[in-house]
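Novice: Structure file data.txt, compact mmCIF, C-alpha atoms, is pasted below:
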```txt
# COMPACT_ATOMS: atom_id res chain seq x y z
CA MET L 11 -45.42 5.85 72.20
CA ALA L 12 -48.72 5.51 70.30
CA GLU L 13 -49.33 2.06 68.90
CA LYS L 14 -49.58 2.16 65.12
CA VAL L 15 -52.47 -0.14 64.17
CA LEU L 16 -53.86 -1.28 60.84
CA LEU L 17 -57.53 -2.25 61.20
CA VAL L 18 -58.91 -4.42 58.38
CA ASP L 19 -62.62 -5.25 58.03
CA ASP L 20 -65.12 -5.15 55.14
CA GLU L 21 -67.85 -3.77 57.46
CA LYS L 22 -67.44 -0.03 56.97
CA ASP L 23 -69.54 0.95 60.01
CA PHE L 24 -67.42 -1.34 62.17
CA LEU L 25 -64.20 0.17 60.81
CA SER L 26 -65.45 3.67 61.42
CA VAL L 27 -66.56 3.19 65.04
CA MET L 28 -63.57 1.03 66.03
CA SER L 29 -61.12 3.50 64.50
CA GLU L 30 -62.69 6.34 66.50
CA ARG L 31 -62.64 4.39 69.76
CA MET L 32 -59.06 3.16 69.29
CA ALA L 33 -57.88 6.66 68.35
CA ALA L 34 -59.55 7.98 71.54
CA ARG L 35 -57.33 5.51 73.43
CA GLY L 36 -54.22 7.05 71.95
CA MET L 37 -53.65 4.65 69.05
CA ASP L 38 -52.61 5.75 65.59
CA VAL L 39 -55.18 3.85 63.47
CA THR L 40 -55.25 3.24 59.73
CA ALA L 41 -58.40 1.58 58.35
CA ALA L 42 -58.64 -0.72 55.31
CA ASP L 43 -61.90 -2.26 54.04
CA SER L 44 -60.35 -4.97 51.85
CA ALA L 45 -57.40 -7.32 51.83
CA GLU L 46 -55.97 -5.56 48.77
CA GLU L 47 -56.04 -2.18 50.51
CA ALA L 48 -54.53 -3.72 53.66
CA LEU L 49 -51.64 -5.21 51.69
CA ALA L 50 -50.98 -1.84 50.05
CA GLN L 51 -50.90 -0.25 53.52
CA VAL L 52 -48.54 -2.97 54.78
CA GLU L 53 -46.13 -2.01 51.97
CA SER L 54 -46.02 1.56 53.28
CA GLY L 55 -45.27 -0.10 56.61
CA GLY L 56 -44.48 0.67 60.21
CA PHE L 57 -47.45 -1.02 61.93
CA ASP L 58 -47.10 -2.40 65.43
CA ALA L 59 -50.21 -4.53 65.05
CA ILE L 60 -52.71 -5.53 62.38
CA VAL L 61 -56.25 -6.35 63.47
CA LEU L 62 -57.64 -8.43 60.65
CA ASP L 63 -61.16 -9.74 59.98
CA LEU L 64 -61.10 -13.44 59.12
CA MET L 65 -64.07 -13.44 56.72
CA MET L 66 -63.82 -10.89 53.93
CA PRO L 67 -64.98 -10.85 50.32
CA GLY L 68 -62.35 -11.88 47.80
CA MET L 69 -59.12 -12.67 49.66
CA ASP L 70 -60.10 -13.94 53.13
CA GLY L 71 -58.29 -13.33 56.42
CA ILE L 72 -56.16 -16.50 56.28
CA GLU L 73 -54.93 -15.69 52.76
CA THR L 74 -54.28 -12.09 53.79
CA LEU L 75 -52.38 -13.27 56.87
CA LYS L 76 -50.15 -15.44 54.65
CA ALA L 77 -49.50 -12.50 52.30
CA ILE L 78 -48.71 -10.14 55.22
CA LYS L 79 -46.29 -12.61 56.82
CA GLN L 80 -44.61 -13.16 53.46
CA ARG L 81 -44.02 -9.42 53.11
CA ASN L 82 -42.90 -8.87 56.70
CA PRO L 83 -42.63 -11.78 59.19
CA THR L 84 -42.19 -9.41 62.15
CA LEU L 85 -45.66 -7.91 61.71
CA GLN L 86 -48.03 -8.94 64.50
CA VAL L 87 -51.50 -9.97 63.34
CA ILE L 88 -54.55 -10.32 65.59
CA LEU L 89 -57.41 -12.07 63.81
CA LEU L 90 -60.95 -10.92 64.46
CA THR L 91 -63.93 -13.06 63.55
CA GLY L 92 -67.69 -13.36 63.85
CA HIS L 93 -67.53 -17.10 64.35
CA ALA L 94 -64.32 -18.52 65.63
CA THR L 95 -63.80 -22.21 64.98
CA LEU L 96 -61.03 -24.13 66.68
CA GLU L 97 -59.71 -25.33 63.31
CA LYS L 98 -59.45 -21.80 61.91
CA GLY L 99 -57.82 -20.61 65.12
CA ILE L 100 -55.19 -23.37 64.98
CA GLU L 101 -54.58 -22.71 61.27
CA ALA L 102 -54.14 -18.97 61.94
CA MET L 103 -51.72 -19.54 64.82
CA LYS L 104 -49.70 -21.99 62.73
CA LEU L 105 -49.43 -19.32 60.04
CA GLY L 106 -48.02 -16.91 62.58
CA ALA L 107 -51.04 -14.97 63.88
CA MET L 108 -50.34 -13.53 67.33
CA ASP L 109 -53.87 -14.01 68.62
CA PHE L 110 -57.48 -14.69 67.73
CA VAL L 111 -60.39 -12.58 69.04
CA GLU L 112 -64.09 -13.29 68.58
CA LYS L 113 -66.58 -10.55 67.66
CA PRO L 114 -68.11 -8.68 69.43
CA ALA L 115 -64.67 -8.00 70.89
CA ASP L 116 -63.93 -6.42 74.25
CA LEU L 117 -62.02 -3.24 73.40
CA ASP L 118 -59.97 -3.27 76.62
CA GLN L 119 -58.93 -6.85 75.89
CA LEU L 120 -58.10 -5.96 72.29
CA THR L 121 -56.11 -2.90 73.42
CA GLN L 122 -54.12 -5.15 75.76
CA LYS L 123 -53.35 -7.53 72.89
CA ILE L 124 -52.28 -4.61 70.68
CA LYS L 125 -49.86 -3.45 73.41
CA GLN L 126 -48.49 -7.02 73.63
CA ALA L 127 -48.13 -7.03 69.84
CA GLN L 128 -46.16 -3.78 69.93
CA ALA L 129 -43.80 -5.16 72.60
CA LYS L 130 -43.35 -8.42 70.70
CA LYS L 131 -42.62 -6.58 67.47
CA MET L 132 -40.02 -4.38 69.15
CA VAL L 133 -38.22 -7.46 70.53
CA LEU L 134 -38.26 -9.09 67.07
CA VAL L 135 -37.00 -5.95 65.33
CA GLU L 136 -34.21 -5.50 67.89
CA LYS L 137 -33.23 -9.15 67.49
CA ARG L 138 -33.13 -8.74 63.73
CA MET L 139 -30.99 -5.60 63.99
CA GLU L 140 -28.61 -7.41 66.35
CA GLU L 141 -28.29 -10.34 63.91
CA LYS L 142 -27.70 -7.93 61.03
CA LEU L 143 -25.02 -6.09 62.99
CA LYS L 144 -23.38 -9.37 63.97
CA SER L 145 -23.33 -10.52 60.35
CA ILE L 146 -21.76 -7.22 59.19
CA ILE L 147 -19.08 -7.42 61.89
CA THR L 148 -18.22 -11.06 61.09
CA SER L 149 -18.19 -10.55 57.33
CA LYS L 150 -15.81 -7.59 57.58
CA GLY L 151 -13.41 -9.55 59.78
CA TRP L 152 -12.44 -6.57 61.93
CA MET H 5 -68.92 -45.69 61.76
CA THR H 6 -71.43 -46.05 58.94
CA LEU H 7 -74.16 -43.46 58.57
CA PRO H 8 -77.42 -44.38 56.84
CA SER H 9 -77.42 -43.29 53.20
CA ASP H 10 -80.04 -40.57 52.70
CA PRO H 11 -78.69 -38.11 50.12
CA ILE H 12 -81.72 -35.78 50.29
CA GLY H 13 -81.73 -35.64 54.09
CA LEU H 14 -77.99 -35.05 54.23
CA ALA H 15 -78.08 -32.36 51.51
CA GLY H 16 -80.91 -30.63 53.40
CA LEU H 17 -79.02 -30.70 56.68
CA GLN H 18 -75.88 -29.40 55.01
CA TYR H 19 -77.79 -26.53 53.41
CA PHE H 20 -79.54 -25.74 56.69
CA GLY H 21 -76.20 -25.74 58.53
CA ARG H 22 -74.48 -23.60 55.89
CA THR H 23 -77.31 -21.08 55.91
CA THR H 24 -77.52 -20.92 59.71
CA ALA H 25 -73.74 -20.38 59.95
CA SER H 26 -73.89 -17.60 57.37
CA VAL H 27 -76.83 -15.82 59.04
CA SER H 28 -75.28 -16.15 62.51
CA HIS H 29 -72.04 -14.67 61.18
CA GLU H 30 -73.95 -11.70 59.73
CA LEU H 31 -75.82 -11.27 63.00
CA LYS H 32 -72.53 -11.22 64.92
CA ASN H 33 -71.27 -8.48 62.62
CA ALA H 34 -74.39 -6.41 63.26
CA LEU H 35 -74.14 -7.00 67.02
CA ALA H 36 -70.44 -6.07 67.00
CA ILE H 37 -71.28 -2.72 65.36
CA ILE H 38 -74.12 -2.08 67.83
CA LYS H 39 -71.82 -2.96 70.77
CA GLU H 40 -69.02 -0.67 69.58
CA ASN H 41 -71.47 2.20 69.05
CA ALA H 42 -72.79 1.70 72.59
CA GLY H 43 -69.16 1.79 73.72
CA LEU H 44 -68.59 4.98 71.75
CA LEU H 45 -71.61 6.59 73.48
CA ASN H 46 -70.02 5.64 76.78
CA ASP H 47 -66.74 7.24 75.65
CA TYR H 48 -68.65 10.45 74.81
CA LEU H 49 -70.35 10.42 78.23
CA LEU H 50 -67.00 10.05 79.99
CA LEU H 51 -65.64 12.98 77.99
CA ALA H 52 -68.75 15.04 78.75
CA GLU H 53 -68.37 14.26 82.47
CA LYS H 54 -64.85 15.68 82.26
CA GLY H 55 -66.24 18.86 80.72
CA THR H 56 -65.57 18.23 77.01
CA THR H 57 -68.33 19.50 74.74
CA ILE H 58 -69.46 16.85 72.25
CA ASP H 59 -70.99 17.95 68.96
CA PRO H 60 -74.62 16.64 68.89
CA ALA H 61 -74.02 15.49 65.28
CA ARG H 62 -71.71 12.79 66.68
CA TYR H 63 -74.53 11.40 68.83
CA LYS H 64 -76.78 11.43 65.77
CA THR H 65 -74.25 9.42 63.73
CA VAL H 66 -74.15 6.80 66.49
CA ALA H 67 -77.96 6.67 66.70
CA VAL H 68 -78.26 6.22 62.91
CA ARG H 69 -75.68 3.42 62.92
CA ILE H 70 -77.48 1.59 65.75
CA GLU H 71 -80.81 1.97 63.97
CA ASP H 72 -79.36 0.69 60.66
CA GLN H 73 -77.74 -2.32 62.26
CA THR H 74 -80.86 -3.15 64.29
CA ARG H 75 -82.87 -3.09 61.05
CA ARG H 76 -80.27 -5.30 59.38
CA ALA H 77 -80.34 -7.82 62.26
CA ASP H 78 -84.14 -7.81 62.26
CA GLN H 79 -84.23 -8.59 58.52
CA LEU H 80 -81.71 -11.42 58.99
CA ILE H 81 -83.84 -12.93 61.75
CA ARG H 82 -87.02 -12.58 59.66
CA ASN H 83 -85.34 -14.41 56.76
CA MET H 84 -84.03 -17.12 59.07
CA ASN H 85 -87.50 -17.51 60.59
CA ARG H 86 -89.13 -17.90 57.17
CA PHE H 87 -86.44 -20.39 56.20
CA ALA H 88 -87.01 -22.38 59.42
CA HIS H 89 -90.76 -22.52 58.66
CA SER H 90 -90.05 -24.02 55.22
CA VAL H 91 -89.92 -27.43 56.95
CA ASP H 92 -93.34 -27.06 58.63
CA SER H 93 -95.12 -29.20 56.02
CA PRO H 94 -93.21 -31.47 53.66
CA VAL H 95 -95.42 -30.39 50.75
CA GLN H 96 -97.36 -27.14 50.53
CA SER H 97 -98.53 -24.44 48.18
CA VAL H 98 -95.91 -21.69 47.94
CA VAL H 99 -95.62 -18.39 46.10
CA LEU H 100 -92.53 -19.05 44.00
CA ASP H 101 -91.63 -15.35 43.76
CA ASP H 102 -91.39 -15.19 47.57
CA LEU H 103 -89.37 -18.39 47.75
CA VAL H 104 -86.84 -17.16 45.16
CA ALA H 105 -86.62 -13.78 46.93
CA LEU H 106 -85.92 -15.63 50.20
CA LEU H 107 -83.29 -17.75 48.46
CA ALA H 108 -81.57 -14.60 47.17
CA ALA H 109 -81.68 -12.97 50.62
CA LEU H 110 -80.23 -16.08 52.28
CA SER H 111 -77.49 -16.28 49.65
CA LEU H 112 -76.38 -12.63 49.73
CA ARG H 113 -73.46 -13.21 52.06
CA GLU H 114 -72.21 -16.26 50.14
CA ALA H 115 -72.36 -14.16 46.97
CA ALA H 116 -70.66 -11.18 48.62
CA MET H 117 -67.79 -13.42 49.73
CA ARG H 118 -67.24 -14.22 46.06
CA GLN H 119 -67.68 -10.54 45.15
CA VAL H 120 -70.74 -11.37 43.05
CA ALA H 121 -74.10 -9.56 43.29
CA LEU H 122 -77.52 -11.25 43.14
CA THR H 123 -80.69 -9.70 41.75
CA VAL H 124 -84.19 -11.08 41.26
CA ARG H 125 -86.05 -10.18 38.05
CA PRO H 126 -89.65 -9.20 38.96
CA THR H 127 -92.41 -11.32 37.44
CA GLN H 128 -95.52 -10.02 35.63
CA SER H 129 -97.86 -12.00 37.89
CA THR H 130 -97.43 -14.13 40.98
CA ILE H 131 -96.68 -17.82 40.37
CA THR H 132 -97.86 -20.38 42.93
CA VAL H 133 -96.64 -23.99 42.98
CA THR H 134 -97.34 -27.02 45.14
CA THR H 135 -93.94 -28.34 46.14
CA ALA H 136 -91.65 -29.36 48.98
CA PRO H 137 -90.33 -25.89 49.87
CA PHE H 138 -87.37 -26.97 51.97
CA ALA H 139 -86.20 -29.51 49.39
CA LEU H 140 -86.62 -26.89 46.66
CA LEU H 141 -84.65 -24.29 48.65
CA THR H 142 -81.91 -26.88 49.21
CA LEU H 143 -81.71 -27.63 45.49
CA LEU H 144 -81.77 -23.94 44.54
CA GLY H 145 -79.22 -23.14 47.26
CA ASN H 146 -76.88 -25.73 45.74
CA CYS H 147 -77.57 -24.18 42.31
CA ILE H 148 -76.53 -20.79 43.71
CA THR H 149 -73.27 -22.23 45.10
CA PHE H 150 -72.50 -23.71 41.69
CA ALA H 151 -73.62 -20.54 39.87
CA LEU H 152 -71.27 -18.46 42.04
CA ALA H 153 -68.39 -20.76 41.15
CA ALA H 154 -69.36 -20.24 37.49
CA THR H 155 -69.33 -16.43 37.70
CA GLN H 156 -66.40 -14.04 37.72
CA PRO H 157 -66.01 -11.55 40.61
CA GLY H 158 -67.65 -8.20 39.93
CA GLN H 159 -70.54 -9.74 37.96
CA THR H 160 -74.24 -9.93 38.82
CA ILE H 161 -76.29 -13.13 38.71
CA THR H 162 -79.96 -12.56 37.84
CA LEU H 163 -82.58 -14.94 39.19
CA GLY H 164 -85.91 -15.17 37.41
CA ILE H 165 -89.12 -17.18 37.19
CA ALA H 166 -91.00 -17.91 33.98
CA PRO H 167 -94.10 -20.03 33.26
CA GLU H 168 -93.57 -22.63 30.54
CA GLY H 169 -96.92 -24.19 29.62
CA HIS H 170 -97.98 -26.26 32.64
CA ASP H 171 -94.43 -26.08 33.99
CA VAL H 172 -92.50 -23.29 35.60
CA GLN H 173 -88.84 -22.41 35.16
CA ILE H 174 -86.42 -20.94 37.68
CA LEU H 175 -83.63 -19.20 35.78
CA PHE H 176 -80.08 -18.32 36.77
CA ASP H 177 -78.69 -15.84 34.23
CA SER H 178 -75.39 -14.08 33.46
CA LEU H 179 -73.17 -16.98 34.60
CA THR H 180 -70.13 -15.67 32.76
CA GLY H 181 -67.92 -18.69 33.44
CA LEU H 182 -70.50 -21.44 33.01
CA ALA H 183 -69.05 -22.70 29.73
CA ASP H 184 -65.71 -23.36 31.46
CA MET H 185 -67.18 -25.43 34.31
CA PRO H 186 -66.64 -29.20 34.22
CA GLY H 187 -69.82 -31.09 33.28
CA GLU H 188 -69.69 -33.33 36.37
CA ALA H 189 -69.59 -30.36 38.79
CA PHE H 190 -73.38 -30.04 38.90
CA PRO H 191 -75.80 -31.67 39.54
CA LYS H 192 -74.17 -33.96 42.08
CA GLU H 193 -75.79 -37.24 43.25
CA SER H 194 -77.75 -35.50 46.04
CA ASP H 195 -78.97 -32.82 43.57
CA LYS H 196 -80.11 -35.53 41.17
CA ALA H 197 -82.06 -37.15 44.02
CA LEU H 198 -83.62 -33.76 44.85
CA LEU H 199 -84.53 -33.19 41.19
CA THR H 200 -86.27 -36.58 41.07
CA ALA H 201 -88.10 -35.99 44.37
CA LEU H 202 -89.27 -32.54 43.20
CA ASN H 203 -90.26 -33.83 39.76
CA ALA H 204 -87.88 -31.25 38.29
CA ARG H 205 -85.32 -31.06 35.49
CA PHE H 206 -81.98 -29.26 35.26
CA LYS H 207 -80.48 -27.77 32.13
CA ALA H 208 -77.31 -25.71 31.67
CA ASP H 209 -76.51 -23.62 28.59
CA GLY H 210 -72.84 -22.72 28.84
CA PRO H 211 -72.56 -20.27 25.91
CA ALA H 212 -75.73 -18.45 27.06
CA GLY H 213 -74.51 -18.39 30.68
CA ARG H 214 -77.87 -19.75 31.82
CA MET H 215 -79.03 -22.53 34.15
CA VAL H 216 -82.66 -23.60 34.35
CA ILE H 217 -84.57 -25.67 36.89
CA THR H 218 -87.94 -26.71 35.48
CA LEU H 219 -90.67 -27.74 37.91
CA SER H 220 -93.17 -30.02 36.21
CA GLY H 221 -96.96 -29.65 36.35
CA ARG H 222 -97.60 -26.73 38.71
```
Mind turning the file's structure into structure tokens?

Specialist:
Amino acid sequence: MAEKVLLVDDEKDFLSVMSERMAARGMDVTAADSAEEALAQVESGGFDAIVLDLMMPGMDGIETLKAIKQRNPTLQVILLTGHATLEKGIEAMKLGAMDFVEKPADLDQLTQKIKQAQAKKMVLVEKRMEEKLKSIITSKGW
Amino acid sequence: MTLPSDPIGLAGLQYFGRTTASVSHELKNALAIIKENAGLLNDYLLLAEKGTTIDPARYKTVAVRIEDQTRRADQLIRNMNRFAHSVDSPVQSVVLDDLVALLAALSLREAAMRQVALTVRPTQSTITVTTAPFALLTLLGNCITFALAATQPGQTITLGIAPEGHDVQILFDSLTGLADMPGEAFPKESDKALLTALNARFKADGPAGRMVITLSGR
């Protein structure tokens, strides 16, 4: 199954070339060049992974990560940055980011992480469904 | 641990570090785009080897992107190089127009992060001053940081230079939120030390949305 990926970066040339390369690897890519656009895309949903630039004008990557996790905690976010600092990395992981990749990224490595994100999301969604089912069964008292 | 108290030296180092970090981040972005376009060329070659015909226009798009990003990286390095040379001599004669243009170029990313644009108003004739260029850039860089905090997203800050008798003024205009900024926010202690060292004065006019640095006796 094609991984559904939301790619978020304010560098339009980067978005364009990455989208083309990821699509050529069988991924279903949606591009967003701002945090606001990314959040609107998240609402329409269904992404297996979100690849998010850490430094963006207006709402930065950390703030966007918080907003994404608030909307849907099962969404898997991989942060992408031009200059990774240990502090930012730790902060992002604490906020629930799945991984942290430094630019220029290795596309094979990123693809691997996206596949991991898809698997992780599926486990989380299944677990959620199971819990929901369990709660319905117990509440009905059958 | 107690560090020696040198507000001007520390402010200079902080500005140098901030600027270097910003430029290196921009460079990484340019390199990332160049790398991905090289990767895309490789993808096209693999497809071509398998017999897929690739539209030449796609190669052209890649070439244009690489050229654009190389030009961008080159400009960033030129600016960084000029900035690095500002410490060559503590005091020297500088063309103020060039120094303000360099300041604007070095501050573009900081401004973009706040969704504010920067423009430089052209002067009628070139103004030359004898000053400490690195200290002046540090002071003006701190002014920009404050000016950005005093401007709403979507606005444009205009930088200008104007002779004022024997003095010269560096103007920061269209600071739409300046009147709402707390008085103690700028200048800070290190900025006051820089103003004294540069024989300069600072004035803010909240309702007019204008900040002025006046350099005495050019």

Novice: Could the residues of chain L within 12 Å of chain H, counting all atoms listed in the file, be given as an MDAnalysis selection string, please?

Specialist: chainID L and resid 19:35 44 63:71 90:95 112:118

Novice: What's the 10 Å shell around Pro11 in chain H, counting all atoms listed in the file, without same-chain residues fewer than 6 positions away, as a CSV table (one decimal) with C-alpha atoms, in the frame of the given file?

Specialist:
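What landed in part04.csv:
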```csv
chain,number,residue,atom,x,y,z
H,17,LEU,CA,-79.0,-30.7,56.7
H,193,GLU,CA,-75.8,-37.2,43.2
H,194,SER,CA,-77.8,-35.5,46.0
H,195,ASP,CA,-79.0,-32.8,43.6
H,196,LYS,CA,-80.1,-35.5,41.2
H,197,ALA,CA,-82.1,-37.2,44.0
H,198,LEU,CA,-83.6,-33.8,44.8
```

Novice: Between CA of Thr74 in chain L and CA of Leu16 in chain L, what distance in Å does the model show, to one decimal?

Specialist: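 Those two atoms sit 12.9 Å apart.
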
Novice: If you measure from CA of Asp184 in chain H to CA of Thr162 in chain H, what distance in Å do you get, rounded to one decimal?

Specialist: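 Interatomic distance, CA of Asp184 in chain H to CA of Thr162 in chain H: 19.0 Å.
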
Novice: Show which residues sit within 9 Å of range 142-144 of chain H, as an MDAnalysis selection string. Count all atoms listed in the file, and ignore same-chain residues fewer than 6 positions away.

Specialist: chainID H and resid 12 15:20 104 107 174 194:195 198:199 217

Novice: Near Lys14 in chain L, counting only C-alpha atoms, which residues have an atom at most 8 Å away, once you skip same-chain residues fewer than 5 positions from it, shown as a list in words?

Specialist: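 Here the answer would be Met37, Asp38, Val39, Thr40, Gly56, Phe57, Asp58 and Ala59 of chain L.
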